[in-house]
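Participant: Got a structure for you, questions after.
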Amino acid sequence: MASAASIVESAGFTIADAGGTAMRLVPRRPLRPGLYDIEIAFASSRLSAVGFDFEYGAGERARLRTIPLAYLGQGRYRSVCDVPEPLQAIVVQTDTLGERLSIAGFRVARLGPLARLRLIGGRAFELLRRDPRALFAAFRRYRAGVVRGDVIVSRRGADTQAGDYETWLATFDDDPARDAPYYRERLAGSATLPSFAIFLALDRFDPEKLDRTIVALQAQFHEAWELHLIAGAELKPQFAELAAGPERDRRIRLLVGQEGDDTTTGLNDALAQTRADWVLRLEAGDILRPHALATIGLPTAESGVDLVYSDEDQIDRNGRRHTPWFKPDWSPDLLRSWNYLGRATAWNTETLRRLGGWRQCCGAARDHDVNLRVTERVAADRIRHVAKVLIHVEDGGPDPAGPFDPPAAAASARAVSEHLRRIGRPGQVEPLAGRSILRIHYAIPAPPPLVSIIVPTRDGLALLRGCLNSILEKTTYAPFEVIVVDNASREPETLRYLAAIAADARVRVLPYPGPFNFSAINNFAVAQARGSVIALVNNDIEVMAPDWLDEMVGHALRPEIGCVGARLLYPDGTVQHAGIVLGLGGLAGHAHKGLPEGAPGYVGRAIATCNVSAVTAACLVARRSVYEEVGGLDEELAVAFNDVDFCLKVVRAGYLNLWTPFAELRHHESASRGAETSRDQAQRFAREIQIMKRRWGPALRRDPYYSRELTVLREDYSLRP
């Protein structure tokens, strides 16, 4: 087999700065601008999280631009992408455990006019077939000269998740058997690894399930664990038989309670007895993967943390894995919606003891209650998400959008209500009808603050009338003022309407002459607004839920919250906006776009209040003080991405952004401005993209609320290809 150096040389490149898991591929001379078809193959077919960056400029002016890659199988990746200026290098990196980058194939071809036409035509046909609405966006992106691989393609109505997971498992999943030497080397080299106590409470004796869990524990690379089996007095005979077994593992401890003892008593007894550093709670039948305790233990030994949780999936009786739950990083509002931390949650033992362990009042929500109480006491940087599937839960694992368990939901609601009182955020908590997800109505002070609703417009009378009528007639929140910013409307009917609507004491019309600049228009209006809360609303928005503003203001008044976004629906009822995910399409995109109305989305994310990196300014609410603190919208970003930029500035200032499904509005997206297809619009769009990538490059590659195991090529939370 040819060496990696010779393979790269045959393509006109050399390997520079090779560091095992990263390398730079440098062309003999900088690649001239154009459209390129690049394919790279690695000796290992199990590389995951492969990053691919273009490097432009040199020295202090050097900069990277991330390029999405399509996975072709067998370690092969491909990207068809624009090079807008001379390319200095291609930077490749991976974080796959125990793997080194070794190139087995490399091809770079500049595409001529005919190949361009064939590519564009094929992509247009595919977009028309799958989702006609995506065609204009794809065309705009092509005219702007952005990455060809970043055109988001919808898979509306497709149900391929099961097959996708089998592909993901074969391609990206950890292989504990292969990586065992790595783990054993790390374990042997660490003198500070923690020990673990696994608490397993049984309400009935099921030897088959229990055996699966115990066998998985005994296969752990990290052997410093103890298992506490907790059961009521009625199971004492079966436990006596287990305890008498000649091959009993001495790390297994039996705690049989007294008559009348419940699970909570047993858990607290075990907590009092254990000498382990960390505690996990399992159910009979749960299977910890062989590297689970080592993977959790290594980061806890290196830095101070109090709570660790990992990703998980489900497993059937035939050993088939399915229904993965790739979780976000720490999201306090999602935890208040439901206990998303799941089964593979590890708590620092001393932290649990300081809290007093589990509480009798919480029943089936005892772990949710513990998680809430732990997170009240510890800083966010002491909560760690290990983004690996470390546990297989039996079929029927936690599903917030699944079958409704009224007692469990009621117990969670009580736990969250008490949590809110403890942290001084009063609110009314209720489970969603038929779901295990909770909704919180945060209290609004009396008297409520004035909200300034800012609506920019230029003609488009039908849209503007529908927007303002819905706000004025349906909105239950008071007090509010509507500031209509007239950006040089010319149609006589529009001008007559603006003059008439200004007679409403709640409405002001401010003239704003000059070219359209969304950021400048809103900054101009905020400067003249009277409210302490600002609501940015497009003129193509219509109110659906009358309490939309109550919901958004209730969140926006929380001191830790920056921007609040709403659930926006297309006129056909499908989702247009459920929060913004960084990295989608190469920069940012809307979560769950095209999802049918009422569908729960990915593990309930489309119907649960949660933290997000950004929300659309088509309907965005924030305190005026936050808006002014970060300098408002950036007027250099006249049309696109100013909301993403604004939200990222808010995060940098120390706030959390939030999306709520309970503020529901209809959005005729871009109907008032139309599709952007002119040369000037394309050039402006390209400029704004480059501003965002230059300003926020690293942040745009890693959204903390979106797993890297999910695709950036679509907006449907499907697995990465």
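Chains: A, B, ... in order of the structure tokens. Residues: from 1 per chain. Ligands: from 1, in order shown.
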So which residues touch Val644 (chain A) within 7 Å, counting only C-alpha atoms, skipping near sequence neighbours fewer than 4 positions away, as a ChimeraX atom specification?
Facilitator: /A:614-615,648
Participant: Kindly export the residues of the current selection with C-alpha atoms, as a short mmCIF file (atom, residue, chain, number, x, y, z; two decimals), in the first residue's frame.
Facilitator:
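Output below, filename out08.cif:
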```cif
data_model
loop_
_atom_site.label_atom_id
_atom_site.label_comp_id
_atom_site.auth_asym_id
_atom_site.auth_seq_id
_atom_site.Cartn_x
_atom_site.Cartn_y
_atom_site.Cartn_z
CA ALA A 614 -29.74 31.51 19.56
CA VAL A 615 -33.29 32.36 18.50
CA LEU A 648 -23.98 34.99 20.83
#
```
Participant: So that I can check the secondary structure, give me every residue of region 266-412 of chain A assigned strand (DSSP E) by backbone DSSP, as number ranges by chain.
Facilitator: A: 278-282, 287-288, 307-315, 321-325, 345-348, 383-394
Participant: Hey, which bits of region 384-403 of chain A sit within 12 Å of region 346-357 of chain A, and for each residue what's the closest pair of atoms and how far apart in Å (one decimal), counting only C-alpha atoms, rows by chain and increasing number, as a tab-separated table?
Facilitator:
```
residue	atom	partner	partner_atom	distance
A:Arg384	CA	A:Ala346	CA	9.8
A:His385	CA	A:Ala346	CA	10.5
A:Val386	CA	A:Ala346	CA	10.9
A:Leu390	CA	A:Ala346	CA	11.8
```
Participant: Which residues are near Gln576 (chain A)? Cut-off 7 Å, only C-alpha atoms, ignore same chain within fewer than 5 positions. Put them as a ChimeraX atom specification.
Facilitator: /A:568-570,593-594
Participant: Using N, CA, C and O atoms, can you export the residues from the last selection as a CSV table (one decimal), in the first residue's frame?
Facilitator:
```
chain,number,residue,atom,x,y,z
A,568,LEU,N,-42.5,29.2,16.1
A,568,LEU,CA,-43.1,29.8,14.9
A,568,LEU,C,-43.5,28.7,13.9
A,568,LEU,O,-42.7,27.8,13.7
A,569,LEU,N,-44.7,28.9,13.3
A,569,LEU,CA,-45.2,27.9,12.4
A,569,LEU,C,-45.4,28.5,11.0
A,569,LEU,O,-45.8,29.7,10.9
A,570,TYR,N,-45.2,27.7,10.0
A,570,TYR,CA,-45.5,28.1,8.7
A,570,TYR,C,-47.1,28.1,8.5
A,570,TYR,O,-47.8,27.5,9.4
A,593,LYS,N,-37.2,22.4,11.7
A,593,LYS,CA,-37.9,23.0,10.6
A,593,LYS,C,-38.7,21.9,9.8
A,593,LYS,O,-38.1,20.9,9.4
A,594,GLY,N,-40.0,22.2,9.5
A,594,GLY,CA,-40.8,21.2,8.7
A,594,GLY,C,-41.5,20.2,9.6
A,594,GLY,O,-42.2,19.4,9.0
```
Participant: For Tyr182 (chain A), which residue among A:Ala294, A:Val485, A:Ala410, A:Ala344 is the nearest when counting only C-alpha atoms?
Facilitator: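 Under the stated criterion, the closest residue is A:Ala294.
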Participant: Find the residue from A:Leu267, A:Leu463, A:Ile315, A:Ile198 that sits nearest to Arg366 (chain A); use only C-alpha atoms when measuring.
Facilitator: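 Once distances to Arg366 (chain A) are computed over only C-alpha atoms, the minimum belongs to A:Leu267.
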Participant: Could you give me, as a PDB file with all heavy atoms, in the first residue's frame, the residues within 9 Å of Pro449 (chain A), counting only C-alpha atoms and dropping anything in the same chain fewer than 5 positions from it?
Facilitator:
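Output contents, as saved in out_34.pdb:
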```
ATOM      1  N   ILE A 444     -45.084  37.055  36.895  1.00  0.00           N
ATOM      2  CA  ILE A 444     -44.737  38.387  36.409  1.00  0.00           C
ATOM      3  C   ILE A 444     -45.086  39.381  37.509  1.00  0.00           C
ATOM      4  O   ILE A 444     -46.175  39.330  38.087  1.00  0.00           O
ATOM      5  CB  ILE A 444     -45.505  38.708  35.111  1.00  0.00           C
ATOM      6  CG1 ILE A 444     -45.063  37.756  33.991  1.00  0.00           C
ATOM      7  CG2 ILE A 444     -45.291  40.154  34.687  1.00  0.00           C
ATOM      8  CD1 ILE A 444     -45.847  37.886  32.715  1.00  0.00           C
ATOM      9  N   ALA A 478     -50.643  42.967  29.209  1.00  0.00           N
ATOM     10  CA  ALA A 478     -50.719  44.428  29.248  1.00  0.00           C
ATOM     11  C   ALA A 478     -49.841  44.893  30.400  1.00  0.00           C
ATOM     12  O   ALA A 478     -49.727  44.199  31.423  1.00  0.00           O
ATOM     13  CB  ALA A 478     -52.160  44.902  29.433  1.00  0.00           C
ATOM     14  N   PRO A 479     -49.149  46.020  30.259  1.00  0.00           N
ATOM     15  CA  PRO A 479     -49.243  46.986  29.164  1.00  0.00           C
ATOM     16  C   PRO A 479     -48.194  46.729  28.074  1.00  0.00           C
ATOM     17  O   PRO A 479     -47.131  46.174  28.341  1.00  0.00           O
ATOM     18  CB  PRO A 479     -48.951  48.308  29.869  1.00  0.00           C
ATOM     19  CG  PRO A 479     -47.967  47.917  30.950  1.00  0.00           C
ATOM     20  CD  PRO A 479     -48.367  46.532  31.404  1.00  0.00           C
ATOM     21  N   PHE A 480     -48.513  47.140  26.856  1.00  0.00           N
ATOM     22  CA  PHE A 480     -47.541  47.100  25.769  1.00  0.00           C
ATOM     23  C   PHE A 480     -47.776  48.280  24.835  1.00  0.00           C
ATOM     24  O   PHE A 480     -48.862  48.858  24.788  1.00  0.00           O
ATOM     25  CB  PHE A 480     -47.605  45.778  24.997  1.00  0.00           C
ATOM     26  CG  PHE A 480     -48.881  45.567  24.203  1.00  0.00           C
ATOM     27  CD1 PHE A 480     -49.040  46.130  22.938  1.00  0.00           C
ATOM     28  CD2 PHE A 480     -49.905  44.782  24.710  1.00  0.00           C
ATOM     29  CE1 PHE A 480     -50.202  45.929  22.200  1.00  0.00           C
ATOM     30  CE2 PHE A 480     -51.076  44.577  23.980  1.00  0.00           C
ATOM     31  CZ  PHE A 480     -51.223  45.152  22.721  1.00  0.00           C
ATOM     32  N   GLY A 531     -40.544  51.060  26.848  1.00  0.00           N
ATOM     33  CA  GLY A 531     -40.630  49.863  27.676  1.00  0.00           C
ATOM     34  C   GLY A 531     -39.297  49.400  28.222  1.00  0.00           C
ATOM     35  O   GLY A 531     -38.241  49.650  27.636  1.00  0.00           O
ATOM     36  N   SER A 532     -39.358  48.689  29.347  1.00  0.00           N
ATOM     37  CA  SER A 532     -38.149  48.068  29.906  1.00  0.00           C
ATOM     38  C   SER A 532     -37.929  46.674  29.339  1.00  0.00           C
ATOM     39  O   SER A 532     -36.910  46.046  29.608  1.00  0.00           O
ATOM     40  CB  SER A 532     -38.256  47.990  31.434  1.00  0.00           C
ATOM     41  OG  SER A 532     -39.381  47.203  31.818  1.00  0.00           O
ATOM     42  N   VAL A 533     -38.899  46.193  28.562  1.00  0.00           N
ATOM     43  CA  VAL A 533     -38.774  44.918  27.851  1.00  0.00           C
ATOM     44  C   VAL A 533     -38.992  45.194  26.371  1.00  0.00           C
ATOM     45  O   VAL A 533     -39.910  45.937  25.996  1.00  0.00           O
ATOM     46  CB  VAL A 533     -39.800  43.878  28.358  1.00  0.00           C
ATOM     47  CG1 VAL A 533     -39.700  42.587  27.550  1.00  0.00           C
ATOM     48  CG2 VAL A 533     -39.589  43.589  29.841  1.00  0.00           C
ATOM     49  N   VAL A 553     -42.372  37.135  28.274  1.00  0.00           N
ATOM     50  CA  VAL A 553     -41.936  38.111  29.276  1.00  0.00           C
ATOM     51  C   VAL A 553     -41.625  37.418  30.597  1.00  0.00           C
ATOM     52  O   VAL A 553     -40.661  37.770  31.290  1.00  0.00           O
ATOM     53  CB  VAL A 553     -43.007  39.204  29.462  1.00  0.00           C
ATOM     54  CG1 VAL A 553     -42.676  40.095  30.659  1.00  0.00           C
ATOM     55  CG2 VAL A 553     -43.124  40.039  28.198  1.00  0.00           C
TER      56      VAL A 553
END
```
Participant: Leaving out region 358-361 of chain A and any residue of its chain fewer than 3 positions from it, which residues lie within 10 Å of it when counting only C-alpha atoms, given as a VMD selection string?
Facilitator: chain A and resid 262 to 268 271 352 to 353 355 364 to 370 373 411 414 to 415
Participant: Excluding Trp659 (chain A) and residues on its chain fewer than 3 positions from it, collect all residues at most 8 Å away from it, counting only C-alpha atoms, and give them as JSON, numbers by chain.
Facilitator: {"A": [564, 565, 566, 567, 578, 579, 609, 610, 611, 612, 615]}
Participant: Figure out the distance between CA of Pro328 (chain A) and CA of Ala216 (chain A), please, to one decimal in Å.
Facilitator: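 Interatomic distance, CA of Ala216 (chain A) to CA of Pro328 (chain A): 26.0 Å.
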Participant: Identify all residues of region 425-472 of chain A in alpha helix (DSSP H) (DSSP on the backbone) and supply them as a list in words.
Facilitator: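 Matching residues, listed in order: Leu461, Ala462, Leu463, Leu464, Arg465, Gly466, Cys467, Leu468, Asn469, Ser470, Ile471 and Leu472 of chain A.
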Participant: Any chance you can output those residues with C-alpha atoms as an mmCIF file, in the first residue's frame?
Facilitator:
```cif
data_model
loop_
_atom_site.group_PDB
_atom_site.id
_atom_site.type_symbol
_atom_site.label_atom_id
_atom_site.label_comp_id
_atom_site.auth_asym_id
_atom_site.auth_seq_id
_atom_site.Cartn_x
_atom_site.Cartn_y
_atom_site.Cartn_z
ATOM 1 C CA LEU A 461 -50.027 46.062 3.756
ATOM 2 C CA ALA A 462 -51.757 42.665 3.860
ATOM 3 C CA LEU A 463 -49.012 41.201 6.052
ATOM 4 C CA LEU A 464 -48.695 44.274 8.241
ATOM 5 C CA ARG A 465 -52.442 44.500 8.846
ATOM 6 C CA GLY A 466 -52.605 40.820 9.802
ATOM 7 C CA CYS A 467 -49.632 41.229 12.136
ATOM 8 C CA LEU A 468 -50.878 44.342 13.945
ATOM 9 C CA ASN A 469 -54.496 43.226 14.153
ATOM 10 C CA SER A 470 -53.439 39.922 15.726
ATOM 11 C CA ILE A 471 -51.218 41.701 18.267
ATOM 12 C CA LEU A 472 -53.779 44.326 19.196
#
```
Participant: Extract, using only C-alpha atoms, all DNA, RNA and protein residues at most 10 Å from Leu335 (chain A), discarding same-chain residues fewer than 5 positions from it, and format them as a list in words.
Facilitator: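 The neighbour list is Trp330, Tyr340, Leu341, His368, Asn371, Leu372, Thr375, Val416, Ile437, Leu438, Ala608, Thr609, Cys610 and Asn611 of chain A.
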Participant: For CA of Val215 (chain A) and CA of Asp399 (chain A), quote the distance in Å rounded to one decimal.
Facilitator: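 Straight-line distance from CA of Val215 (chain A) to CA of Asp399 (chain A) works out to 26.1 Å.
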Participant: Looking at A:Gly583, A:Gly589, A:Gly189, A:Pro448, which one is nearest to Pro698 (chain A), with distances taken over only C-alpha atoms?
Facilitator: A:Gly583
Participant: Nearest to Ala413 (chain A): which of A:Arg695, A:Arg435, A:Arg336, A:Arg65 is it, counting only C-alpha atoms?
Facilitator: A:Arg336
